[in-house]
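Peer 1: Supplied structure: coords.txt, compact mmCIF, C-alpha atoms.
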# COMPACT_ATOMS: atom_id res chain seq x y z
CA MET A 1 101.93 61.64 381.68
CA SER A 2 99.82 62.99 378.87
CA LYS A 3 98.05 66.25 378.85
CA PHE A 4 94.90 64.86 377.24
CA SER A 5 93.27 61.81 378.67
CA LYS A 6 90.64 59.72 376.92
CA LYS A 7 87.24 59.82 378.47
CA ARG A 8 85.93 56.34 378.79
CA GLY A 9 82.36 55.24 379.22
CA LYS A 10 80.83 58.53 378.12
CA ALA A 11 77.44 57.89 376.45
CA ASP A 12 75.74 60.08 373.81
CA PRO A 13 73.33 62.63 375.26
CA GLU A 14 69.65 61.67 375.18
CA VAL A 15 67.36 63.23 372.60
CA SER A 16 65.15 65.89 374.09
CA THR A 17 61.45 65.08 373.78
CA ALA A 18 60.25 68.44 375.04
CA SER A 19 59.25 69.64 371.55
CA LEU A 20 57.28 66.50 370.58
CA PRO A 21 53.90 67.79 371.83
CA ASP A 22 54.39 70.98 369.80
CA ILE A 23 55.08 68.97 366.66
CA ILE A 24 52.09 66.71 367.24
CA PHE A 25 49.74 69.68 367.73
CA MET A 26 51.09 71.39 364.61
CA LEU A 27 50.39 68.24 362.57
CA LEU A 28 46.94 67.90 364.09
CA PHE A 29 46.14 71.54 363.31
CA PHE A 30 47.46 71.15 359.75
CA PHE A 31 45.21 68.15 359.04
CA MET A 32 42.20 69.84 360.63
CA VAL A 33 42.64 72.86 358.34
CA VAL A 34 43.36 70.93 355.16
CA THR A 35 40.70 68.22 355.48
CA VAL A 36 37.47 68.93 353.65
CA LEU A 37 34.42 67.40 355.24
CA ARG A 38 31.43 66.30 353.20
CA ASP A 39 28.96 69.15 352.88
CA ALA A 40 25.81 67.08 353.09
CA GLU A 41 24.74 63.59 354.00
CA LEU A 42 22.75 62.18 351.12
CA LYS A 43 19.21 61.40 352.16
CA VAL A 44 18.02 60.68 348.63
CA LYS A 45 19.21 57.98 346.24
CA VAL A 46 20.96 59.64 343.30
CA VAL A 47 22.37 57.56 340.45
CA THR A 48 23.34 60.14 337.87
CA PRO A 49 23.03 59.19 334.19
CA PHE A 50 26.00 58.71 331.86
CA ALA A 51 27.12 61.40 329.43
CA THR A 52 29.85 61.85 326.81
CA GLU A 53 30.43 65.62 326.74
CA LEU A 54 31.37 66.65 330.28
CA THR A 55 32.99 69.76 331.72
CA LYS A 56 34.56 69.80 335.16
CA LEU A 57 33.50 72.58 337.52
CA GLU A 58 36.51 74.66 338.53
CA GLU A 59 35.68 76.17 341.92
CA LYS A 60 33.64 73.79 344.07
CA SER A 61 33.04 76.51 346.68
CA LEU A 62 30.90 78.39 344.14
CA VAL A 63 28.56 75.46 343.52
CA ASN A 64 25.13 74.89 345.11
CA TYR A 65 24.16 71.23 344.98
CA VAL A 66 20.49 70.34 344.60
CA TYR A 67 19.84 66.60 344.97
CA ILE A 68 16.66 65.10 343.52
CA GLY A 69 15.75 61.45 343.97
CA ARG A 70 13.78 58.96 345.99
CA PRO A 71 14.42 58.97 349.76
CA MET A 72 16.83 56.37 351.13
CA PRO A 73 15.12 53.33 352.76
CA LYS A 74 15.65 54.64 356.30
CA TYR A 75 13.74 57.87 355.44
CA GLN A 76 10.92 56.25 353.46
CA ASP A 77 8.75 55.74 356.55
CA VAL A 78 8.57 59.50 357.08
CA TYR A 79 8.91 60.93 353.56
CA GLY A 80 7.45 58.15 351.38
CA THR A 81 8.85 56.84 348.10
CA LYS A 82 8.03 59.74 345.78
CA PRO A 83 11.00 61.73 344.44
CA ARG A 84 12.08 64.49 346.84
CA MET A 85 14.52 67.37 346.76
CA GLN A 86 17.39 67.77 349.21
CA LEU A 87 19.08 71.13 349.82
CA GLY A 88 22.14 70.87 352.02
CA ASP A 89 21.43 68.38 354.79
CA LYS A 90 17.63 68.40 354.77
CA PHE A 91 14.66 67.62 352.61
CA ALA A 92 13.15 70.77 351.17
CA THR A 93 10.34 72.07 349.02
CA VAL A 94 10.67 74.13 345.88
CA ALA A 95 9.62 77.24 347.84
CA GLU A 96 12.76 76.97 350.02
CA ILE A 97 15.19 77.35 347.09
CA PRO A 98 15.53 81.20 347.22
CA LEU A 99 16.47 81.15 350.91
CA PHE A 100 18.99 78.35 350.29
CA LEU A 101 20.58 80.34 347.45
CA GLU A 102 20.73 83.50 349.55
CA LYS A 103 22.44 81.71 352.46
CA HIS A 104 25.11 80.42 350.07
CA LYS A 105 25.51 83.79 348.34
CA VAL A 106 26.26 85.55 351.64
CA LYS A 107 29.24 83.23 352.26
CA VAL A 108 30.81 84.00 348.85
CA PRO A 109 32.91 87.15 348.28
CA GLU A 110 31.13 89.90 346.32
CA ALA A 111 33.44 89.63 343.30
CA LYS A 112 32.74 85.91 342.83
CA ARG A 113 28.94 86.01 343.23
CA PRO A 114 28.21 86.14 339.48
CA LYS A 115 30.12 82.85 339.08
CA ILE A 116 27.86 80.88 341.46
CA THR A 117 26.46 77.77 339.76
CA SER A 118 23.63 75.48 340.82
CA SER A 119 24.38 71.85 340.08
CA LEU A 120 21.41 69.51 339.81
CA ARG A 121 22.23 65.97 340.82
CA VAL A 122 19.19 64.12 339.61
CA ASP A 123 18.53 60.39 339.76
CA GLY A 124 18.16 58.90 336.28
CA GLU A 125 14.75 57.40 337.11
CA VAL A 126 13.13 60.65 338.29
CA THR A 127 10.51 62.23 336.05
CA MET A 128 11.16 65.72 334.70
CA GLY A 129 8.19 67.30 336.53
CA ILE A 130 10.05 68.02 339.79
CA VAL A 131 13.20 68.96 337.85
CA GLN A 132 11.25 71.51 335.79
CA ASP A 133 9.75 72.98 338.99
CA VAL A 134 13.25 73.34 340.49
CA LYS A 135 14.59 74.98 337.32
CA THR A 136 11.67 77.43 337.25
CA GLU A 137 12.25 78.39 340.89
CA LEU A 138 16.00 78.82 340.27
CA ARG A 139 15.19 81.13 337.37
CA LYS A 140 12.78 83.17 339.53
CA ALA A 141 15.48 83.49 342.22
CA GLY A 142 17.95 84.87 339.68
CA GLN A 143 20.15 81.78 339.51
CA LEU A 144 20.69 81.40 335.76
CA LYS A 145 23.84 79.25 335.81
CA VAL A 146 22.50 75.71 336.11
CA ASN A 147 24.41 72.52 335.48
CA TYR A 148 23.41 68.85 335.40
CA SER A 149 25.77 66.40 337.11
CA ALA A 150 26.56 63.21 335.21
CA LYS A 151 29.11 60.40 335.12
CA ARG A 152 31.46 59.80 332.22
CA ASP A 153 30.24 57.04 329.91
CA PRO A 154 32.64 54.11 330.42
CA LYS A 155 32.01 52.87 326.85
CA LYS A 156 33.47 55.97 325.23
Just give me the structure as structure tokens.
Peer 2:
Amino acid sequence: MSKFSKKRGKADPEVSTASLPDIIFMLLFFFMVVTVLRDAELKVKVVTPFATELTKLEEKSLVNYVYIGRPMPKYQDVYGTKPRMQLGDKFATVAEIPLFLEKHKVKVPEAKRPKITSSLRVDGEVTMGIVQDVKTELRKAGQLKVNYSAKRDPKK
């Protein structure tokens, strides 16, 4: 008779699934934190012109986007077909620019406030009248860093 007997029919232990909900919630939380949602739904049609000399903006959180173009077809019944300005998620007038800038400035840390840039995304078919009005109001509000958004010229 042997001292050690072979155990027959013993199966491997089952994998514990108790920690699966914790892992799933950690992944869900990770993707919720990392995902960047679009800041604004475009209500104006903006087809930016092509350019050859472009510089990429470094910190997107320091950029105010001002969209200028004709309203999308679903908004033309209310706002017409003339070029309009969009600040954030709503149509705005030139007089609303200082308040828009101030709301953005409050969210930015004090040390980075001088680096705030206003980026004008202007449709290529819009006349310069409304653009000049926006630039004048930006200047009056103390926003001197202004940039024009453009696409890289595919020919060059």
Peer 1: Identify which of the residues A:Lys43, A:Lys151, A:Arg70, A:Arg113 lies closest to Leu101 in chain A, counting only C-alpha atoms when measuring atom-to-atom distances.
Peer 2: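 Closest candidate: A:Arg113.
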Peer 1: Please report the interatomic distance between CA of His104 in chain A and CA of Asn64 in chain A in Å with one decimal.
Peer 2: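 So the two atoms, CA of His104 in chain A and CA of Asn64 in chain A, lie 7.4 Å apart.
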Peer 1: As an exercise, work out the distance from CA of Leu62 in chain A to CA of Arg139 in chain A in Å and give it to one decimal place.
Peer 2: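 Here the two named atoms are 17.3 Å from each other.
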Peer 1: Tell me which protein, DNA and RNA residues are within 10 Å of Lys82 in chain A, counting all atoms listed in the file, leaving out same-chain ones fewer than 6 positions away, and put them as a PDB file with C-alpha atoms, in the coordinates of the input.
Peer 2:
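Below is the file that was written, result_27.pdb:
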ATOM      1  CA  GLY A  69      15.750  61.450 343.970  1.00  0.00           C
ATOM      2  CA  ARG A  70      13.780  58.960 345.990  1.00  0.00           C
ATOM      3  CA  PRO A  71      14.420  58.970 349.760  1.00  0.00           C
ATOM      4  CA  GLN A  76      10.920  56.250 353.460  1.00  0.00           C
ATOM      5  CA  VAL A 126      13.130  60.650 338.290  1.00  0.00           C
TER       6      VAL A 126
END
Peer 1: Could you name the residues that touch Ala51 in chain A at 9 Å or less, counting only C-alpha atoms, but leaving out those on the same chain fewer than 6 positions away, as a compact mmCIF listing (two decimals) with C-alpha atoms, in the frame of the given file?
Peer 2:
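Output file selection_21.txt is given in full below:
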# COMPACT_ATOMS: atom_id res chain seq x y z
CA ALA A 150 26.56 63.21 335.21
CA LYS A 151 29.11 60.40 335.12
CA ARG A 152 31.46 59.80 332.22
CA ASP A 153 30.24 57.04 329.91
Peer 1: Using only C-alpha atoms, determine which residues lie at most 9 Å from Ile97 in chain A, disregarding the query and same-chain residues fewer than 2 positions distant; provide the list as a ChimeraX atom specification.
Peer 2: /A:87,92-95,99-102,134,137-138,141
Peer 1: In Å, with one decimal, what is the gap from CA of Phe29 in chain A to CA of Ser61 in chain A?
Peer 2: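 Value for the CA of Phe29 in chain A-CA of Ser61 in chain A distance: 21.7 Å.
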Peer 1: For a cutoff of 9 Å around the file-coordinate point (15.5, 66.5, 351.9), which residues qualify once you count all atoms listed in the file? I'd like the result as a ChimeraX atom specification.
Peer 2: /A:42-44,67-68,71,79,84-93
Peer 1: Fewer than 2 positions away in the same chain doesn't count, so skip those; otherwise give me all residues within 9 Å of Val63 in chain A, counting all atoms listed in the file, as a PyMOL selection string.
Peer 2: chain A and resi 57+59-61+65+104+115-119
Peer 1: Would you save the residues of that selection, restricted to C-alpha atoms, as a PDB file, in the frame of the given file?
Peer 2:
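Output below, filename selection-v2.pdb:
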ATOM      1  CA  LEU A  57      33.500  72.580 337.520  1.00  0.00           C
ATOM      2  CA  GLU A  59      35.680  76.170 341.920  1.00  0.00           C
ATOM      3  CA  LYS A  60      33.640  73.790 344.070  1.00  0.00           C
ATOM      4  CA  SER A  61      33.040  76.510 346.680  1.00  0.00           C
ATOM      5  CA  TYR A  65      24.160  71.230 344.980  1.00  0.00           C
ATOM      6  CA  HIS A 104      25.110  80.420 350.070  1.00  0.00           C
ATOM      7  CA  LYS A 115      30.120  82.850 339.080  1.00  0.00           C
ATOM      8  CA  ILE A 116      27.860  80.880 341.460  1.00  0.00           C
ATOM      9  CA  THR A 117      26.460  77.770 339.760  1.00  0.00           C
ATOM     10  CA  SER A 118      23.630  75.480 340.820  1.00  0.00           C
ATOM     11  CA  SER A 119      24.380  71.850 340.080  1.00  0.00           C
TER      12      SER A 119
END
Peer 1: Between A:Met128, A:Glu110, A:Pro49, A:Lys56, which is the closest to Pro154 in chain A once you count only C-alpha atoms?
Peer 2: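 Ranking A:Met128, A:Glu110, A:Pro49, A:Lys56 by distance to Pro154 in chain A, first place goes to A:Pro49.
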Peer 1: Ranking A:Pro114, A:Pro21, A:Pro83, A:Gly129 by minimum distance to Gly142 in chain A and counting all atoms listed in the file, which one comes first?
Peer 2: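 That would be A:Pro114, the residue with the smallest distance to Gly142 in chain A.
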Peer 1: Taking all atoms listed in the file into account, which of A:Tyr75, A:Pro98, A:Leu54, A:Val47 comes nearest Thr136 in chain A?
Peer 2: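 Selected residue with least distance to Thr136 in chain A: A:Pro98.
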